[in-house]
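target.txt, holding compact mmCIF, C-alpha atoms:
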```
# COMPACT_ATOMS: atom_id res chain seq x y z
CA MET X 1 -7.99 33.84 -27.75
CA SER X 2 -5.07 34.26 -30.16
CA GLN X 3 -2.44 31.57 -30.66
CA SER X 4 0.27 33.87 -29.36
CA HIS X 5 -1.76 34.54 -26.22
CA VAL X 6 -2.27 30.80 -25.66
CA SER X 7 1.46 30.20 -26.05
CA ALA X 8 2.30 32.96 -23.60
CA ALA X 9 -0.23 31.63 -21.08
CA LYS X 10 1.21 28.15 -21.48
CA GLU X 11 4.73 29.27 -20.73
CA GLN X 12 3.51 31.30 -17.81
CA VAL X 13 1.62 28.38 -16.21
CA ILE X 14 4.57 26.02 -16.70
CA ASP X 15 7.09 28.43 -15.24
CA LEU X 16 4.89 29.26 -12.26
CA LEU X 17 4.24 25.58 -11.43
CA ARG X 18 7.88 24.48 -11.60
CA PRO X 19 8.58 25.25 -7.91
CA VAL X 20 5.58 23.15 -6.77
CA VAL X 21 7.02 20.04 -5.11
CA GLU X 22 5.50 16.59 -4.73
CA PRO X 23 6.09 16.10 -0.97
CA GLU X 24 6.64 12.32 -1.02
CA THR X 25 9.51 12.36 -3.53
CA GLY X 26 10.76 15.91 -3.04
CA GLN X 27 10.76 16.46 -6.80
CA GLY X 28 8.91 19.05 -8.83
CA MET X 29 5.41 18.26 -10.05
CA VAL X 30 6.27 19.51 -13.54
CA ASP X 31 9.50 17.49 -13.73
CA LEU X 32 7.66 14.33 -12.63
CA GLY X 33 5.02 14.77 -15.31
CA LEU X 34 2.22 15.01 -12.74
CA VAL X 35 0.69 18.11 -14.33
CA LYS X 36 -1.19 16.19 -16.99
CA ASP X 37 -3.28 18.86 -18.66
CA VAL X 38 -4.01 22.59 -18.61
CA VAL X 39 -7.22 23.78 -20.24
CA GLN X 40 -8.67 27.27 -20.55
CA GLN X 41 -12.42 27.26 -20.96
CA ASN X 42 -15.10 29.95 -20.49
CA GLY X 43 -12.76 32.21 -18.56
CA SER X 44 -11.54 29.44 -16.24
CA THR X 45 -8.33 27.44 -16.12
CA VAL X 46 -8.54 23.72 -15.28
CA ILE X 47 -5.31 22.01 -14.20
CA SER X 48 -5.29 18.20 -14.18
CA ILE X 49 -3.02 16.72 -11.50
CA GLU X 50 -2.16 13.03 -11.39
CA MET X 51 -1.17 11.81 -7.91
CA LEU X 52 1.21 8.91 -7.33
CA SER X 53 -1.02 6.90 -4.99
CA PRO X 54 -4.71 6.51 -4.13
CA LEU X 55 -4.38 7.58 -0.49
CA SER X 56 -2.06 10.55 -0.76
CA PRO X 57 -2.29 12.76 2.34
CA HIS X 58 -0.63 15.61 0.47
CA GLN X 59 -3.46 16.72 -1.83
CA GLU X 60 -4.41 19.77 0.21
CA LYS X 61 -0.77 20.79 0.60
CA ILE X 62 -0.16 20.51 -3.14
CA GLU X 63 -3.30 22.49 -3.92
CA ARG X 64 -2.15 25.28 -1.61
CA GLN X 65 1.23 25.32 -3.37
CA ILE X 66 -0.42 25.45 -6.80
CA ARG X 67 -2.76 28.29 -5.92
CA ALA X 68 0.03 30.24 -4.25
CA ALA X 69 2.30 29.70 -7.25
CA LEU X 70 -0.37 30.94 -9.68
CA THR X 71 -1.24 34.05 -7.68
CA PRO X 72 0.97 36.34 -9.83
CA ALA X 73 -0.63 35.07 -13.06
CA VAL X 74 -3.03 37.16 -15.09
CA ASP X 75 -5.89 36.13 -17.38
CA LEU X 76 -6.20 32.66 -15.80
CA GLY X 77 -9.62 33.32 -14.38
CA ASP X 78 -11.05 30.87 -11.87
CA VAL X 79 -8.45 28.12 -11.32
CA GLN X 80 -9.88 24.62 -10.87
CA ILE X 81 -7.90 21.48 -10.09
CA ASP X 82 -8.96 18.10 -11.43
CA TRP X 83 -7.44 15.27 -9.33
CA SER X 84 -6.68 11.71 -10.39
CA PHE X 85 -4.08 9.08 -9.51
CA ARG X 86 -1.99 6.47 -11.27
CA VAL X 87 0.10 3.95 -9.38
CA ARG X 88 3.55 3.40 -10.85
CA SER X 89 5.42 0.11 -10.77
CA SER X 90 8.28 0.13 -8.31
CA GLY X 91 9.64 -3.09 -9.75
CA THR X 92 11.21 -5.71 -7.52
CA GLY X 93 13.90 -5.53 -4.91
CA ARG X 94 15.86 -8.37 -6.53
CA SER X 95 17.17 -8.14 -10.08
CA ASP X 96 16.76 -11.91 -10.57
CA ALA X 97 13.07 -12.05 -9.58
CA GLN X 98 10.52 -12.53 -12.33
CA PRO X 99 7.68 -9.99 -12.16
CA ILE X 100 4.14 -11.26 -11.74
CA LYS X 101 2.17 -10.57 -14.90
CA GLY X 102 -0.06 -7.54 -14.46
CA VAL X 103 1.11 -6.72 -10.92
CA LYS X 104 2.77 -3.34 -10.43
CA ASN X 105 3.76 -3.74 -6.77
CA ALA X 106 3.99 -6.87 -4.61
CA VAL X 107 4.16 -6.06 -0.90
CA ALA X 108 5.13 -8.65 1.72
CA VAL X 109 3.54 -8.26 5.15
CA ALA X 110 5.76 -10.20 7.53
CA SER X 111 6.54 -10.73 11.18
CA GLY X 112 9.34 -12.37 13.09
CA LYS X 113 6.86 -14.28 15.23
CA GLY X 114 3.21 -15.23 15.31
CA GLY X 115 0.49 -13.59 17.34
CA VAL X 116 1.28 -9.97 16.47
CA GLY X 117 -1.75 -9.44 14.21
CA LYS X 118 0.08 -9.68 10.90
CA SER X 119 -2.93 -10.99 8.97
CA THR X 120 -5.16 -8.29 10.47
CA VAL X 121 -2.70 -5.67 9.24
CA ALA X 122 -2.52 -7.26 5.76
CA VAL X 123 -6.31 -7.41 5.44
CA ASN X 124 -6.86 -3.80 6.48
CA ILE X 125 -4.04 -2.40 4.34
CA ALA X 126 -5.41 -4.23 1.29
CA THR X 127 -8.96 -3.08 2.01
CA ALA X 128 -7.91 0.53 2.66
CA LEU X 129 -6.05 0.68 -0.65
CA ALA X 130 -9.02 -0.80 -2.51
CA LYS X 131 -11.37 1.63 -0.77
CA GLY X 132 -9.16 4.45 -2.07
CA GLY X 133 -9.74 3.27 -5.64
CA ALA X 134 -6.68 1.10 -6.28
CA SER X 135 -6.84 -2.35 -7.85
CA VAL X 136 -5.69 -4.73 -5.11
CA GLY X 137 -5.05 -8.43 -4.61
CA LEU X 138 -4.42 -10.27 -1.33
CA LEU X 139 -2.47 -13.54 -1.29
CA ASP X 140 -2.66 -15.63 1.87
CA ALA X 141 0.80 -17.18 1.93
CA ASP X 142 0.38 -18.23 5.57
CA VAL X 143 -0.54 -21.72 4.39
CA TYR X 144 -0.31 -23.41 7.80
CA GLY X 145 -2.78 -20.99 9.35
CA PRO X 146 -4.84 -19.41 6.55
CA SER X 147 -7.10 -16.82 8.14
CA ILE X 148 -7.79 -14.51 5.20
CA PRO X 149 -11.02 -16.29 4.11
CA LEU X 150 -12.56 -15.78 7.55
CA MET X 151 -11.28 -12.23 8.01
CA MET X 152 -12.50 -11.15 4.56
CA GLY X 153 -15.82 -13.00 4.84
CA ALA X 154 -15.10 -14.91 1.62
CA HIS X 155 -16.28 -18.46 1.00
CA GLY X 156 -16.30 -20.91 -1.89
CA ARG X 157 -13.77 -22.52 -4.17
CA PRO X 158 -11.89 -20.73 -6.95
CA LEU X 159 -12.82 -21.54 -10.53
CA MET X 160 -10.56 -22.25 -13.51
CA ARG X 161 -10.56 -20.13 -16.66
CA GLU X 162 -8.29 -20.92 -19.60
CA GLN X 163 -6.11 -23.08 -17.33
CA ARG X 164 -5.69 -20.29 -14.81
CA ILE X 165 -7.14 -19.95 -11.31
CA VAL X 166 -9.76 -17.24 -10.91
CA PRO X 167 -9.38 -15.56 -7.50
CA LEU X 168 -12.35 -14.91 -5.27
CA GLU X 169 -13.23 -11.32 -4.45
CA ALA X 170 -14.46 -9.42 -1.40
CA TYR X 171 -14.75 -5.66 -0.80
CA GLY X 172 -13.09 -5.02 -4.15
CA VAL X 173 -10.01 -7.12 -3.25
CA LYS X 174 -9.04 -10.21 -5.25
CA LEU X 175 -8.25 -13.10 -2.90
CA MET X 176 -6.33 -16.36 -3.00
CA SER X 177 -5.73 -18.69 -0.08
CA ILE X 178 -5.16 -22.37 0.54
CA GLY X 179 -8.12 -21.96 2.86
CA PHE X 180 -10.39 -21.83 -0.21
CA ILE X 181 -9.16 -25.25 -1.30
CA LEU X 182 -8.52 -27.33 1.84
CA ASP X 183 -11.08 -28.70 4.27
CA PRO X 184 -11.07 -26.05 7.04
CA GLU X 185 -10.85 -28.78 9.69
CA LYS X 186 -7.76 -30.42 8.21
CA ALA X 187 -4.18 -29.32 8.79
CA LEU X 188 -1.71 -28.81 5.98
CA ILE X 189 1.20 -31.19 6.62
CA TRP X 190 3.74 -30.19 3.99
CA ARG X 191 7.46 -29.57 4.02
CA GLY X 192 8.95 -26.24 3.04
CA PRO X 193 9.69 -26.94 -0.66
CA LEU X 194 6.09 -27.98 -1.33
CA VAL X 195 4.82 -24.83 0.34
CA ALA X 196 7.14 -22.67 -1.77
CA GLN X 197 5.90 -24.48 -4.88
CA LEU X 198 2.29 -23.81 -3.90
CA ILE X 199 2.95 -20.10 -3.36
CA THR X 200 4.74 -19.88 -6.70
CA GLN X 201 1.69 -21.45 -8.34
CA PHE X 202 -0.61 -18.96 -6.61
CA LEU X 203 1.54 -16.11 -7.89
CA ASN X 204 1.98 -17.26 -11.47
CA ASP X 205 -1.08 -19.40 -12.20
CA VAL X 206 -3.72 -17.15 -10.67
CA ASP X 207 -5.44 -14.74 -13.05
CA TRP X 208 -4.76 -11.63 -10.96
CA GLY X 209 -5.48 -9.30 -13.85
CA GLU X 210 -4.06 -5.79 -13.63
CA LEU X 211 -3.19 -4.91 -10.02
CA ASP X 212 -1.73 -1.78 -8.52
CA TYR X 213 -0.85 -3.73 -5.37
CA LEU X 214 -0.63 -7.40 -4.44
CA ILE X 215 -0.45 -7.73 -0.66
CA VAL X 216 1.24 -11.00 0.38
CA ASP X 217 0.51 -12.19 3.91
CA LEU X 218 3.64 -14.23 4.68
CA PRO X 219 3.90 -16.93 7.36
CA PRO X 220 5.39 -15.75 10.68
CA GLY X 221 9.04 -16.39 11.48
CA THR X 222 12.29 -16.43 9.54
CA GLY X 223 12.75 -20.12 8.85
CA ASP X 224 13.36 -22.07 5.67
CA VAL X 225 9.91 -21.39 4.21
CA GLN X 226 10.11 -17.64 4.78
CA LEU X 227 13.62 -17.39 3.38
CA THR X 228 12.71 -19.40 0.28
CA LEU X 229 9.64 -17.27 -0.34
CA ALA X 230 11.56 -14.03 0.18
CA GLN X 231 14.09 -15.17 -2.40
CA LYS X 232 11.61 -16.41 -4.99
CA ILE X 233 8.72 -13.97 -4.73
CA PRO X 234 9.28 -10.73 -6.67
CA ILE X 235 8.70 -8.36 -3.75
CA SER X 236 8.65 -4.59 -4.26
CA GLY X 237 8.90 -3.95 -0.53
CA ALA X 238 8.33 -5.53 2.86
CA VAL X 239 6.32 -4.33 5.85
CA ILE X 240 7.38 -5.68 9.25
CA VAL X 241 4.61 -6.06 11.83
CA THR X 242 5.45 -6.09 15.53
CA THR X 243 3.95 -5.29 18.89
CA PRO X 244 5.66 -2.94 21.38
CA GLN X 245 7.04 -5.55 23.80
CA GLU X 246 10.67 -6.63 23.69
CA VAL X 247 10.08 -10.29 22.79
CA ALA X 248 8.20 -9.26 19.64
CA LEU X 249 10.72 -6.54 18.76
CA ALA X 250 13.62 -8.98 18.90
CA ASP X 251 11.93 -11.26 16.37
CA ALA X 252 10.79 -8.34 14.22
CA LEU X 253 14.42 -7.26 13.94
CA LYS X 254 15.30 -10.73 12.65
CA GLY X 255 12.60 -10.42 10.00
CA LEU X 256 13.88 -7.01 8.98
CA LYS X 257 17.44 -8.31 8.67
CA MET X 258 16.26 -11.28 6.62
CA PHE X 259 14.78 -9.00 3.98
CA GLU X 260 17.92 -6.90 3.94
CA GLU X 261 19.96 -10.07 3.37
CA VAL X 262 17.88 -11.00 0.32
CA LYS X 263 18.08 -7.44 -1.09
CA THR X 264 14.40 -6.61 -0.58
CA PRO X 265 13.52 -3.01 0.39
CA VAL X 266 11.97 -2.71 3.85
CA LEU X 267 9.23 -0.10 3.57
CA GLY X 268 8.93 0.23 7.31
CA ILE X 269 7.54 -1.00 10.62
CA ILE X 270 3.92 -1.20 11.72
CA GLU X 271 3.45 -1.38 15.48
CA ASN X 272 0.25 -3.30 16.13
CA MET X 273 -1.55 -3.43 19.50
CA SER X 274 0.06 -0.09 20.22
CA GLY X 275 -2.34 0.66 23.04
CA PHE X 276 -5.78 -0.35 24.26
CA ILE X 277 -8.43 2.31 23.84
CA CYS X 278 -10.88 1.91 26.69
CA PRO X 279 -14.45 2.05 25.34
CA SER X 280 -15.72 3.52 28.64
CA CYS X 281 -13.22 6.29 29.34
CA ASN X 282 -11.65 6.59 25.83
CA GLU X 283 -8.18 6.61 27.38
CA THR X 284 -5.27 4.67 25.89
CA HIS X 285 -3.62 2.04 28.08
CA HIS X 286 -0.27 0.64 26.96
CA ILE X 287 -0.76 -3.02 27.84
CA PHE X 288 2.22 -4.22 25.81
CA SER X 289 4.59 -1.36 26.70
CA SER X 290 5.12 1.55 24.30
CA GLY X 291 7.64 3.11 21.97
CA GLY X 292 9.22 -0.14 20.79
CA GLY X 293 8.18 0.20 17.17
CA MET X 294 9.57 3.73 16.94
CA ARG X 295 12.84 2.66 18.55
CA ILE X 296 13.47 -0.28 16.21
CA ALA X 297 12.54 1.86 13.20
CA MET X 298 14.95 4.64 14.17
CA GLU X 299 17.77 2.23 15.01
CA ASN X 300 17.50 0.57 11.60
CA GLY X 301 16.86 3.64 9.47
CA VAL X 302 13.34 2.72 8.35
CA GLU X 303 10.00 4.47 8.72
CA LEU X 304 7.44 3.78 11.42
CA LEU X 305 4.50 3.40 9.06
CA GLY X 306 1.82 3.32 11.72
CA GLN X 307 0.80 2.54 15.28
CA ILE X 308 -2.41 0.53 15.43
CA PRO X 309 -4.37 0.72 18.70
CA ILE X 310 -6.54 -2.06 20.12
CA GLU X 311 -10.27 -1.56 20.04
CA PRO X 312 -12.97 -4.20 20.63
CA GLY X 313 -14.33 -3.56 17.14
CA ILE X 314 -11.23 -4.94 15.45
CA VAL X 315 -11.85 -8.36 17.03
CA THR X 316 -15.49 -8.30 15.95
CA GLY X 317 -14.55 -7.27 12.43
CA GLY X 318 -12.03 -10.08 12.08
CA ASP X 319 -14.48 -12.70 13.31
CA THR X 320 -17.40 -11.50 11.21
CA GLY X 321 -15.42 -10.98 8.02
CA LYS X 322 -15.60 -7.21 7.79
CA PRO X 323 -12.25 -5.39 8.17
CA ALA X 324 -12.05 -2.49 10.60
CA VAL X 325 -11.55 0.11 7.87
CA LEU X 326 -15.00 -0.78 6.55
CA ALA X 327 -16.83 -1.83 9.70
CA ASP X 328 -16.10 1.39 11.60
CA PRO X 329 -14.21 3.80 9.33
CA ASP X 330 -14.29 6.63 11.85
CA SER X 331 -12.68 4.62 14.65
CA ALA X 332 -9.11 5.29 15.76
CA THR X 333 -8.08 1.82 14.59
CA ALA X 334 -9.54 2.27 11.11
CA GLN X 335 -7.90 5.67 10.74
CA ALA X 336 -4.56 4.23 11.87
CA PHE X 337 -4.83 1.42 9.31
CA THR X 338 -5.71 3.91 6.56
CA HIS X 339 -2.73 6.07 7.52
CA ALA X 340 -0.45 3.01 7.43
CA ALA X 341 -1.79 2.02 4.01
CA ALA X 342 -1.15 5.54 2.74
CA ARG X 343 2.42 5.39 4.01
CA VAL X 344 2.98 2.00 2.32
CA ALA X 345 1.70 3.45 -0.97
CA GLY X 346 3.82 6.55 -0.43
CA ARG X 347 6.99 4.58 0.15
CA LEU X 348 6.34 2.53 -2.99
CA SER X 349 5.85 5.72 -5.01
CA VAL X 350 9.29 6.89 -3.88
CA GLU X 351 10.75 3.56 -5.03
CA ALA X 352 9.00 4.00 -8.38
CA ILE X 353 10.09 7.60 -8.96
CA LYS X 354 13.84 7.45 -8.79
CA LYS X 355 14.75 8.72 -12.23
CA PRO X 356 13.75 12.20 -13.43
CA ARG X 357 10.99 12.06 -16.00
CA LYS X 358 10.29 14.41 -18.86
CA PRO X 359 7.37 16.74 -18.25
CA MET X 360 4.14 15.81 -19.99
CA ILE X 361 2.08 19.00 -20.17
CA MET X 362 -0.57 20.05 -22.60
CA PHE X 363 -2.29 23.40 -22.81
CA ARG X 364 -5.30 24.03 -24.95
CA SER X 365 -7.95 26.70 -25.26
CA VAL X 366 -11.53 25.60 -25.79
```

Could you rewrite the structure in this file as structure tokens?
Amino acid sequence: MSQSHVSAAKEQVIDLLRPVVEPETGQGMVDLGLVKDVVQQNGSTVISIEMLSPLSPHQEKIERQIRAALTPAVDLGDVQIDWSFRVRSSGTGRSDAQPIKGVKNAVAVASGKGGVGKSTVAVNIATALAKGGASVGLLDADVYGPSIPLMMGAHGRPLMREQRIVPLEAYGVKLMSIGFILDPEKALIWRGPLVAQLITQFLNDVDWGELDYLIVDLPPGTGDVQLTLAQKIPISGAVIVTTPQEVALADALKGLKMFEEVKTPVLGIIENMSGFICPSCNETHHIFSSGGGMRIAMENGVELLGQIPIEPGIVTGGDTGKPAVLADPDSATAQAFTHAAARVAGRLSVEAIKKPRKPMIMFRSV
């Protein structure tokens, strides 16, 4: 193929792909630099596309757009698409927060009150992201009731390496919890400042390595400890967990407002225990009312990231140390958790892609 023909084909591919939009951000794939490579080989054209997150639900839609856009092209032969992903750093919500070394996105999973399944949500979001291929860490900041070791089936004490704490690992997720250090039968009787100091140490003195996401399971409530942590921890975004009933929604709203006060982006609401799926009849029964999560999300201009139903398997998974997304990936609960994790990653990608980027496209003939 002549050089002039290669150049003409290059311009043609670029021009034809410019209208293709990345659905999450609403910006063009070419302008975002997501078309990483274009190669012509043996009569075929291979286009390398780099997605913004590991669980993007838009891959099929983007592929349809690409193929439709290239329909008028000639001499491209069989068009193949090579998919990959790279998570971008969305930074921190607060300009005065110091980033955690190696961590692209720190996500706080919070609730206004206890008993809404916040830790279950944190565990399954972390596991779903890791299952999708992302590098993930999970910090159990709920120091008064550390449940992550049990729910992740992880045991043992962390080691030290070059004066840094080496996190434990389960299901591809790096883990740190006070539960790995304390006697499980003893209560932690510390005041708020000591707890904040411990969490800061876990953030800065743990060898997290390179992480796409660090999921932080915060204590329930909006007291002194939560406020201190929200101000000190460099959080990219917060996820508020609630159940549908009014008493939980009222406290969830307080949690949402707390993050707004400390200038931390609220990624959205996850409504847990959204309905009980009867294992006998497969019908959904709304034990804790319904629609509350959607209402509070709409009233406060945030996204409803997911509605997680109740299934007996989620209890078993938590008690046996195997999260629902792994124990029964085809269940309605596991699919709802995976959807919620995808929406969290999607919202963070929007935070990361706010400035137009120069296209990075190569075209070569082999």

Pick from X:Gln41, X:Asn282, X:Ser236, X:Gln307 nearest to X:Gln80, counting all atoms listed in the file: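 Answer, going by the shortest atom-to-atom distance: X:Gln41.
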
Atomic separation - atom CA of X:Gly291 relative to atom CA of X:Asn124, Å: 22.3 Å

Option closest in space to X:Asn105, from X:Ala352, X:Val206, X:Ile310, X:Ile240 [counting all atoms listed in the file]: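 Under the stated criterion, the closest residue is X:Ala352.
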
For X:Gln65, the nearest of the candidates X:Val20, X:Gly292, X:Ile49, X:Met176, counting only C-alpha atoms: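 Result for the nearest residue to X:Gln65: X:Val20.
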
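Atom CA of X:Gly145 sits 27.2 Å away from atom CA of X:Gln335.
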
Residue among X:Ile148, X:Ala141, X:Ala170, X:Leu32 lying closest to X:Leu52, counting only C-alpha atoms: X:Leu32

Test item: residues at most 8 Å from X:Val225, only C-alpha atoms, excluding those fewer than 2 positions along its chain, as a ChimeraX atom specification: /X:192-193,195-196,222-223,227-229

Which of X:Leu17, X:Met298, X:Thr127, X:Pro99 sits closest to X:Ala327 [using only C-alpha atoms]: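 Looking only at the distances to X:Ala327, the closest residue turns out to be X:Thr127.
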
Neighbour residues at most 7 Å from (-7.1, -12.3, -5.6) (only C-alpha atoms) as a ChimeraX atom specification: /X:137-139,167-169,173-176,208

Nearest candidate to X:Arg164 (options X:Ala332, X:Leu203, X:Ile353, X:Ala230; using all atoms listed in the file):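 Among the listed residues, the smallest separation from X:Arg164 belongs to X:Leu203.
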
For stretch 87-91 of chain X: contacts at 9 Å, all atoms listed in the file, fewer than 6 positions along chain excluded, given as a ChimeraX atom specification: /X:51-54,99,103-106,134,212-213,234-237,345,348-353

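Point (-4.1, 0.7, 21.9) has the following residues at most 7 Å away: Met273, Ser274, Gly275, Phe276, Ile277, Thr284, His285, His286, Ile308, Pro309, Ile310 and Glu311 of chain X (atoms considered: only C-alpha atoms).
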
For X:Val123, please output as an mmCIF file with C-alpha atoms, in the coordinates of the input all residues within 10 Å (counting only C-alpha atoms; exclusion window: fewer than 3 positions along the same chain).
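Output below, filename out_25.cif:
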```
data_model
loop_
_atom_site.group_PDB
_atom_site.id
_atom_site.type_symbol
_atom_site.label_atom_id
_atom_site.label_comp_id
_atom_site.auth_asym_id
_atom_site.auth_seq_id
_atom_site.Cartn_x
_atom_site.Cartn_y
_atom_site.Cartn_z
ATOM 1 C CA VAL X 109 3.540 -8.260 5.150
ATOM 2 C CA LYS X 118 0.080 -9.680 10.900
ATOM 3 C CA SER X 119 -2.930 -10.990 8.970
ATOM 4 C CA THR X 120 -5.160 -8.290 10.470
ATOM 5 C CA ALA X 126 -5.410 -4.230 1.290
ATOM 6 C CA THR X 127 -8.960 -3.080 2.010
ATOM 7 C CA ALA X 128 -7.910 0.530 2.660
ATOM 8 C CA LEU X 138 -4.420 -10.270 -1.330
ATOM 9 C CA LEU X 139 -2.470 -13.540 -1.290
ATOM 10 C CA ASP X 140 -2.660 -15.630 1.870
ATOM 11 C CA SER X 147 -7.100 -16.820 8.140
ATOM 12 C CA ILE X 148 -7.790 -14.510 5.200
ATOM 13 C CA MET X 151 -11.280 -12.230 8.010
ATOM 14 C CA MET X 152 -12.500 -11.150 4.560
ATOM 15 C CA VAL X 173 -10.010 -7.120 -3.250
ATOM 16 C CA ILE X 215 -0.450 -7.730 -0.660
ATOM 17 C CA VAL X 216 1.240 -11.000 0.380
ATOM 18 C CA ASP X 217 0.510 -12.190 3.910
ATOM 19 C CA GLY X 318 -12.030 -10.080 12.080
ATOM 20 C CA LYS X 322 -15.600 -7.210 7.790
ATOM 21 C CA PRO X 323 -12.250 -5.390 8.170
ATOM 22 C CA ALA X 324 -12.050 -2.490 10.600
ATOM 23 C CA VAL X 325 -11.550 0.110 7.870
ATOM 24 C CA PHE X 337 -4.830 1.420 9.310
#
```

Atom CA of X:Arg18 to atom CA of X:Val344, distance in Å rounded to a single decimal: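 The value is 26.9 Å.
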
Test item: residues at most 12 Å from X:Lys61, all atoms listed in the file, excluding those fewer than 2 positions along its chain, as a PyMOL selection string: chain X and resi 20-24+56-59+63-68

Specify the axis-aligned box that encloses all atoms of stretch 143-160 of chain X listed in the file after padding of 8 Å on each side, stating its centre and edge lengths in Å to one decimal as lines of an AutoDock Vina configuration file.
```
center_x = -8.3
center_y = -17.3
center_z = -2.1
size_x = 32.0
size_y = 28.3
size_z = 38.9
```

Long-range neighbours of stretch 257-271 of chain X as number ranges by chain, 6 Å cut-off, all atoms listed in the file, 2 positions minimum in chain: X: 93-94, 237-243, 254-255, 274, 293, 302-307
